[in-house]
Amino acid sequence: MSNHDQTAEHGGHGSESSHGSPLQYVIVWVLLLIGTFLTFTVAELPRGEWTLPIALLIATCKGTLVALFFMHLYGDKGLPKMVLLTAVTLFVLLITLLMTDLHFRFPLVTPRGVELPIPQRVLPPPFGPGTPEK
Amino acid sequence: MNPSTPSAEAVATSSAPGVQAHPPPPARRLNYLNHDTSVKSWFLTLDHKRIGVIWLGLMVMAFSTGGFFALILRTKLLHPGPYLISAQEYNRMFTLHGVVMVFFFLIPVIPGIFGNFLLPLMLGAKDVAFPKLNLMSVYLYVTGLSFALWGMIHGGADTGWTFYTPYSTTTPSEVTPILFGVFLSGLGSIVTGLNFIVTIHTMRAPGLNWMKLPLFTWSIYATSIIQVLATPVIGMVLLMVAFERTFGWGIFDPARGGDPILFQHLFWFYSHPAVYIMVLPSMAVVSEVVACYSRNRPYGYKVIAYSSLGIAFVGFLTWGHHMFVSGQSTFDAGVFGFLSMLVGIFSAAKIFSWVGTMYKGSVEFSTPLFYIFGFFFLFVFGGMTGVAIATLSLDIPWHGTYFIVAHFHFIMVGATLMAFLAGLHYWFPLMFGRTYSERWSLAAAIMALVGFVGTFFSQFLVGNEGMPRRYYEYAERFQSLNVASTMFAYLLAIGLMLALLVLLIALFTGEKVEHNPWGSAGFEWLAACPPIAENFEGQPVVAEESDPYAYKVDVEVPHGS
Amino acid sequence: MAAEAVAATGHGAETGPGHPKLAHHYESLERQAHANRFGVWVFLGSESLLFAVLFASYAQYRDINASAFALASRHLNLLLGTFNTLLLISSSFTVALATYYIKKNNKKAVLTLIAVSMLMGIGFIVIKGFEWTADFNEGALPGRFFHLEGVPFQGGNLFFTCYFLLTGLHGAHVVIGLVLLTWAALRVQHNTASASYDLPVEIAGLYWHLVDLIWIFLYPLLYLV
């Protein structure tokens, strides 16, 4: 990484990272489509509070696939990974301390919204009976 | 390093063939300043050295503007009651003083001037990785500053440089142009940081590995990481405030369910690491100047190098200490208070190393070193008061008083300004090929330091007595300390103006130097004074035994004979 | 300079017409490409932090107004949102293929793939436009313009503030991505990007993948609360 000398064995090959074959891309694409479908169906789970964590977990997996394979991080040298890792770490830091602050605050400082019953999400036709409002 | 020497190129007069009417004028060596003097070559320059000089001019302008506002504020504060300016104008002035000084001076000053000028020279490269982006960075800054000035002329904001909501979203004063100006300047900051990171990673001369890098480079690297990752946050936040002002989207408006504390979290998530964007480059300069004038290797090279990265990292963990009394949870306050102490460890390690560098060195007193002594004093005292303020219980009475104002002036301005001046005097011969009057620059330095300490030490005292900050009127009992502070502020201003004058005179009439007047072993001094446009002739190669701190070795620094 | 570059790197005639130009301050095309690629990654890191602010605000307000957010989210068109997700994922796939085929110097395949990706990107924007229009008509608007039936004002207006900020910023990035893809396609067309210097395609690709990555997280947060 540090000292690129004058020799270039590949005769000017522009890229230095390993690249997948089209088959690898197709597999990743299919996995992403499956992940999207899963996210979509998980929306109508009866226990509503699990929807978001599961959906985010699936999203994280999808995102990792995109980063590793489409963006060629898999098999690449360490630098881009460091950049991404640092950015993600900072984001996690921000969210964590923000959420803990929110939870431990004196309640009247930031009043919570009205608690309403959350209707269970019903998938729109043709996947389901359709939402009442629409 | 083995650079070739710049060859002298004579500028011959044209005359009839075979006939010489006058003897040819003395040979004038071409360098980056004089090889092309057209206006276009300056406005569209891609040369990092010229860009560094442009930044110098811009920074002097910005500092003068911010300083002008400060002097008016201090003059008003001679009297406890209404005097000189109205309350509304007073609010606008301290806002603009803060905005200009923080966003348009302290953050870009050392990376813009010295980072740009020195980095490629220290790395043995011809330029930074992206020279066009480098130029774009300057124009982003200038555009941003223009927007901010436009806002100022139309009355200016009165929110304080921290733009706290909901006041900043509802006040009728001209906030939006200033927000936009800061946004653009921040974008320039990101671009500069990006440029430096890539430059340091990819443009080192052959043989120059990380552990041979001048320590200046390490600190600039850490600064650039913060610039790239923290600045987008404030860009977005200020944009959100602008949207809320313009479109009524109640993001931070309690009436619409918004949370002003969220604004503070997001604002300080950038603005605390921002102070490390100011301080780390100062430390970069200190490492170089101390090593040179002590004629000694840095005591603990790795300590200084890694503590730069340590400060950058820990700096992100501490933002909530600006929000102890804002309504933040006590849990978070405790966490932030504790984490804030950690920064002191890395900072102290550096101070020990620098002092250790001077120990048993062959110390040569000079103006740059005097400024460094100023840095040590102000940074240590400012830092210690910082640790005190980070203690939750102590911050409750001090928050919002002049104690805080004095603390951050000591540490942000004391450190950055002192280091800037030290660096300016140290690298002046390299940048312009001339030396300055040591006697007068030292006089200016003494006035500036005494003025600075006097101004803000009085403010520590008056803040501890309870005088609130950002108040137009204050209680009678605070007056004597305020008067003292203002008097010293005038002394500071005179000292700084004298320093500028000395350098301006030196620019045109100073004694010319060709090569390394300080006998520094730094890599950048292997270029001529001033360097040629290409920095070096040919590609420098760093030998195994090369060392930017090769003092106390019986080797003569290679001259371009 | 060109001669030096050739001599130094031992490359073939990399700097003739129709080939990428070696900038004067780089010693080799390889180092130039490496620096440019790394620069793009640093920039992507910066962009992620930009979105991080909005995600953080969203997280905070969702925590405070959980039920209002859920109710408000019901008013988004889940089908269109899901379709948009599929569009973007597929366009990311075609762009990735393009970065593969550029290394095989298959100019025709690269141009076709980029065109397909751009079409899908434009489709995304168009569908987003439909969604936004529907929201305007319903009254699902940010801040003081909010007047949607059935959703309390307190959390509802904040949901749509976050929604419009997030999708607006994301949409702007899609547009920038389209511009970059156009630029890459033009470079391929004029032979200044090829197997030996595939950087333009790679840069546009990386940016487009980031845009996709962000949407992958936006989709469940906005549509499936």
# chains A, B, ... in the order shown; residues from 1 in each chain; ligands from 1
call {"tool": "residues_around", "arguments": {"residues": "region 117-123 of chain B", "least_positions_apart": "6", "cutoff": "8 Å", "atoms": "only C-alpha atoms", "output": "MDAnalysis selection string"}}
result
chainID B and resid 48:53 196 199:200 203:205 208 213:214 217 522:524 527 535
call {"tool": "interface_residues", "arguments": {"of": "chain C", "to": "chain B", "cutoff": "8 Å", "atoms": "only C-alpha atoms", "output": "PyMOL selection string"}}
result
chain C and resi 25-26+31+34-35+38-39+42-43+45-47+49-50+52-53+57+61+142-144+153-155+157-158+161
call {"tool": "interface_residues", "arguments": {"of": "chain B", "to": "chain A", "cutoff": "6 Å", "atoms": "only C-alpha atoms", "output": "VMD selection string"}}
result
chain B and resid 206 329 332
call {"tool": "interface_residues", "arguments": {"of": "chain C", "to": "chain A", "cutoff": "7 Å", "atoms": "only C-alpha atoms", "output": "count of residues only"}}
result
40
call {"tool": "select_by_dssp", "arguments": {"residues": "region 34-169 of chain B", "states": "alpha helix (DSSP H)", "output": "count of residues only"}}
result
85
call {"tool": "atom_distance", "arguments": {"atom1": "CA of Phe68 (chain B)", "atom2": "CA of Gly383 (chain B)"}}
result
26.7 Å
call {"tool": "residues_around", "arguments": {"residues": "Glu89 (chain B)", "least_positions_apart": "2", "cutoff": "10 Å", "atoms": "only C-alpha atoms", "output": "list of chain:residue names"}}
result
B:Leu73, B:Leu84, B:Ile85, B:Ser86, B:Ala87, B:Asn91, B:Arg92, B:Met93, B:Phe94, B:Thr95, B:Gly155, B:Gly156, B:Ala157, B:Asp158, B:Tyr472
call {"tool": "write_last_selection", "arguments": {"atoms": "N, CA and C atoms", "output": "CSV table (one decimal), in the first residue's frame"}}
result
chain,number,residue,atom,x,y,z
B,73,LEU,N,-16.8,44.8,21.6
B,73,LEU,CA,-17.4,44.2,22.7
B,73,LEU,C,-16.7,44.6,24.0
B,84,LEU,N,-22.1,52.8,24.1
B,84,LEU,CA,-21.5,52.7,22.8
B,84,LEU,C,-22.4,52.0,21.7
B,85,ILE,N,-22.9,50.8,22.1
B,85,ILE,CA,-23.8,50.1,21.2
B,85,ILE,C,-25.0,49.6,21.9
B,86,SER,N,-26.1,49.3,21.2
B,86,SER,CA,-27.3,48.9,21.8
B,86,SER,C,-27.2,47.4,22.2
B,87,ALA,N,-28.2,47.0,23.0
B,87,ALA,CA,-28.2,45.6,23.4
B,87,ALA,C,-28.3,44.7,22.2
B,91,ASN,N,-25.6,41.8,21.0
B,91,ASN,CA,-25.9,40.3,20.8
B,91,ASN,C,-25.3,39.9,19.4
B,92,ARG,N,-25.6,40.8,18.4
B,92,ARG,CA,-25.1,40.5,17.1
B,92,ARG,C,-23.6,40.4,17.0
B,93,MET,N,-22.9,41.3,17.8
B,93,MET,CA,-21.5,41.3,17.7
B,93,MET,C,-20.8,40.1,18.3
B,94,PHE,N,-21.4,39.6,19.5
B,94,PHE,CA,-20.7,38.5,20.0
B,94,PHE,C,-21.0,37.2,19.2
B,95,THR,N,-22.2,37.2,18.6
B,95,THR,CA,-22.5,36.1,17.7
B,95,THR,C,-21.5,36.1,16.5
B,155,GLY,N,-27.5,43.1,9.2
B,155,GLY,CA,-27.9,43.1,10.6
B,155,GLY,C,-27.3,42.0,11.4
B,156,GLY,N,-27.1,40.8,10.8
B,156,GLY,CA,-26.5,39.7,11.5
B,156,GLY,C,-27.4,39.0,12.5
B,157,ALA,N,-26.9,37.8,12.9
B,157,ALA,CA,-27.7,37.0,13.8
B,157,ALA,C,-27.4,37.4,15.2
B,158,ASP,N,-28.3,37.1,16.1
B,158,ASP,CA,-28.1,37.5,17.5
B,158,ASP,C,-28.2,36.3,18.4
B,472,TYR,N,-25.4,41.9,28.1
B,472,TYR,CA,-25.1,43.3,27.7
B,472,TYR,C,-24.8,44.1,29.0
call {"tool": "residues_around", "arguments": {"residues": "Ile122 (chain C)", "least_positions_apart": "6", "cutoff": "9 Å", "atoms": "only C-alpha atoms", "output": "list in words"}}
result
Val174, Val175 and Leu178 of chain C
call {"tool": "decode", "arguments": {"residues": "region 53-86 of chain A", "atoms": "N, CA and C atoms", "output": "PDB file, in the first residue's frame"}}
result
ATOM      1  N   PRO A  53     -37.068  -4.380  14.966  1.00  0.00           N
ATOM      2  CA  PRO A  53     -35.759  -5.006  15.170  1.00  0.00           C
ATOM      3  C   PRO A  53     -35.434  -6.061  14.122  1.00  0.00           C
ATOM      4  N   ILE A  54     -36.433  -6.883  13.793  1.00  0.00           N
ATOM      5  CA  ILE A  54     -36.158  -7.914  12.788  1.00  0.00           C
ATOM      6  C   ILE A  54     -35.878  -7.264  11.440  1.00  0.00           C
ATOM      7  N   ALA A  55     -36.701  -6.275  11.099  1.00  0.00           N
ATOM      8  CA  ALA A  55     -36.499  -5.613   9.806  1.00  0.00           C
ATOM      9  C   ALA A  55     -35.119  -4.966   9.744  1.00  0.00           C
ATOM     10  N   LEU A  56     -34.700  -4.362  10.834  1.00  0.00           N
ATOM     11  CA  LEU A  56     -33.377  -3.725  10.848  1.00  0.00           C
ATOM     12  C   LEU A  56     -32.273  -4.764  10.759  1.00  0.00           C
ATOM     13  N   LEU A  57     -32.490  -5.899  11.380  1.00  0.00           N
ATOM     14  CA  LEU A  57     -31.489  -6.958  11.299  1.00  0.00           C
ATOM     15  C   LEU A  57     -31.327  -7.422   9.856  1.00  0.00           C
ATOM     16  N   ILE A  58     -32.475  -7.632   9.201  1.00  0.00           N
ATOM     17  CA  ILE A  58     -32.415  -8.033   7.798  1.00  0.00           C
ATOM     18  C   ILE A  58     -31.716  -6.942   6.984  1.00  0.00           C
ATOM     19  N   ALA A  59     -32.071  -5.680   7.281  1.00  0.00           N
ATOM     20  CA  ALA A  59     -31.466  -4.576   6.535  1.00  0.00           C
ATOM     21  C   ALA A  59     -29.958  -4.554   6.732  1.00  0.00           C
ATOM     22  N   THR A  60     -29.517  -4.829   7.962  1.00  0.00           N
ATOM     23  CA  THR A  60     -28.077  -4.842   8.211  1.00  0.00           C
ATOM     24  C   THR A  60     -27.400  -5.925   7.388  1.00  0.00           C
ATOM     25  N   CYS A  61     -28.030  -7.092   7.328  1.00  0.00           N
ATOM     26  CA  CYS A  61     -27.453  -8.164   6.524  1.00  0.00           C
ATOM     27  C   CYS A  61     -27.394  -7.759   5.050  1.00  0.00           C
ATOM     28  N   LYS A  62     -28.478  -7.177   4.563  1.00  0.00           N
ATOM     29  CA  LYS A  62     -28.490  -6.739   3.162  1.00  0.00           C
ATOM     30  C   LYS A  62     -27.397  -5.712   2.915  1.00  0.00           C
ATOM     31  N   GLY A  63     -27.311  -4.763   3.835  1.00  0.00           N
ATOM     32  CA  GLY A  63     -26.297  -3.725   3.688  1.00  0.00           C
ATOM     33  C   GLY A  63     -24.899  -4.304   3.681  1.00  0.00           C
ATOM     34  N   THR A  64     -24.670  -5.263   4.561  1.00  0.00           N
ATOM     35  CA  THR A  64     -23.348  -5.883   4.596  1.00  0.00           C
ATOM     36  C   THR A  64     -23.042  -6.572   3.279  1.00  0.00           C
ATOM     37  N   LEU A  65     -24.052  -7.244   2.706  1.00  0.00           N
ATOM     38  CA  LEU A  65     -23.842  -7.901   1.417  1.00  0.00           C
ATOM     39  C   LEU A  65     -23.465  -6.890   0.341  1.00  0.00           C
ATOM     40  N   VAL A  66     -24.191  -5.764   0.319  1.00  0.00           N
ATOM     41  CA  VAL A  66     -23.894  -4.741  -0.681  1.00  0.00           C
ATOM     42  C   VAL A  66     -22.476  -4.229  -0.493  1.00  0.00           C
ATOM     43  N   ALA A  67     -22.126  -3.941   0.757  1.00  0.00           N
ATOM     44  CA  ALA A  67     -20.798  -3.375   1.018  1.00  0.00           C
ATOM     45  C   ALA A  67     -19.705  -4.375   0.680  1.00  0.00           C
ATOM     46  N   LEU A  68     -19.888  -5.609   1.089  1.00  0.00           N
ATOM     47  CA  LEU A  68     -18.830  -6.588   0.897  1.00  0.00           C
ATOM     48  C   LEU A  68     -18.657  -6.976  -0.567  1.00  0.00           C
ATOM     49  N   PHE A  69     -19.767  -7.188  -1.266  1.00  0.00           N
ATOM     50  CA  PHE A  69     -19.634  -7.754  -2.599  1.00  0.00           C
ATOM     51  C   PHE A  69     -19.805  -6.740  -3.708  1.00  0.00           C
ATOM     52  N   PHE A  70     -20.861  -5.920  -3.628  1.00  0.00           N
ATOM     53  CA  PHE A  70     -21.020  -4.946  -4.707  1.00  0.00           C
ATOM     54  C   PHE A  70     -19.940  -3.885  -4.634  1.00  0.00           C
ATOM     55  N   MET A  71     -19.581  -3.478  -3.408  1.00  0.00           N
ATOM     56  CA  MET A  71     -18.571  -2.429  -3.261  1.00  0.00           C
ATOM     57  C   MET A  71     -17.172  -3.016  -3.110  1.00  0.00           C
ATOM     58  N   HIS A  72     -17.054  -4.292  -3.288  1.00  0.00           N
ATOM     59  CA  HIS A  72     -15.751  -4.961  -3.341  1.00  0.00           C
ATOM     60  C   HIS A  72     -14.936  -4.853  -2.057  1.00  0.00           C
ATOM     61  N   LEU A  73     -15.602  -4.743  -0.928  1.00  0.00           N
ATOM     62  CA  LEU A  73     -14.818  -4.696   0.304  1.00  0.00           C
ATOM     63  C   LEU A  73     -14.244  -6.066   0.661  1.00  0.00           C
ATOM     64  N   TYR A  74     -14.934  -7.104   0.197  1.00  0.00           N
ATOM     65  CA  TYR A  74     -14.471  -8.445   0.475  1.00  0.00           C
ATOM     66  C   TYR A  74     -13.207  -8.699  -0.341  1.00  0.00           C
ATOM     67  N   GLY A  75     -12.099  -8.904   0.322  1.00  0.00           N
ATOM     68  CA  GLY A  75     -10.879  -9.144  -0.431  1.00  0.00           C
ATOM     69  C   GLY A  75     -10.131  -7.876  -0.803  1.00  0.00           C
ATOM     70  N   ASP A  76     -10.659  -6.748  -0.396  1.00  0.00           N
ATOM     71  CA  ASP A  76      -9.955  -5.502  -0.655  1.00  0.00           C
ATOM     72  C   ASP A  76      -8.922  -5.277   0.446  1.00  0.00           C
ATOM     73  N   LYS A  77      -8.043  -4.325   0.210  1.00  0.00           N
ATOM     74  CA  LYS A  77      -7.096  -3.997   1.278  1.00  0.00           C
ATOM     75  C   LYS A  77      -7.816  -3.311   2.415  1.00  0.00           C
ATOM     76  N   GLY A  78      -7.130  -3.060   3.526  1.00  0.00           N
ATOM     77  CA  GLY A  78      -7.776  -2.605   4.741  1.00  0.00           C
ATOM     78  C   GLY A  78      -8.334  -1.206   4.745  1.00  0.00           C
ATOM     79  N   LEU A  79      -7.822  -0.320   3.847  1.00  0.00           N
ATOM     80  CA  LEU A  79      -8.172   1.094   4.013  1.00  0.00           C
ATOM     81  C   LEU A  79      -9.666   1.404   3.916  1.00  0.00           C
ATOM     82  N   PRO A  80     -10.362   1.009   2.836  1.00  0.00           N
ATOM     83  CA  PRO A  80     -11.781   1.362   2.765  1.00  0.00           C
ATOM     84  C   PRO A  80     -12.571   0.764   3.916  1.00  0.00           C
ATOM     85  N   LYS A  81     -12.185  -0.427   4.340  1.00  0.00           N
ATOM     86  CA  LYS A  81     -12.897  -1.027   5.463  1.00  0.00           C
ATOM     87  C   LYS A  81     -12.752  -0.149   6.701  1.00  0.00           C
ATOM     88  N   MET A  82     -11.532   0.394   6.894  1.00  0.00           N
ATOM     89  CA  MET A  82     -11.298   1.252   8.073  1.00  0.00           C
ATOM     90  C   MET A  82     -12.204   2.459   8.025  1.00  0.00           C
ATOM     91  N   VAL A  83     -12.323   3.039   6.819  1.00  0.00           N
ATOM     92  CA  VAL A  83     -13.159   4.230   6.684  1.00  0.00           C
ATOM     93  C   VAL A  83     -14.595   3.901   7.064  1.00  0.00           C
ATOM     94  N   LEU A  84     -15.115   2.823   6.491  1.00  0.00           N
ATOM     95  CA  LEU A  84     -16.501   2.455   6.755  1.00  0.00           C
ATOM     96  C   LEU A  84     -16.699   2.129   8.226  1.00  0.00           C
ATOM     97  N   LEU A  85     -15.742   1.380   8.774  1.00  0.00           N
ATOM     98  CA  LEU A  85     -15.853   0.982  10.174  1.00  0.00           C
ATOM     99  C   LEU A  85     -15.879   2.197  11.095  1.00  0.00           C
ATOM    100  N   THR A  86     -14.994   3.158  10.806  1.00  0.00           N
ATOM    101  CA  THR A  86     -14.959   4.358  11.646  1.00  0.00           C
ATOM    102  C   THR A  86     -16.266   5.119  11.567  1.00  0.00           C
TER     103      THR A  86
END
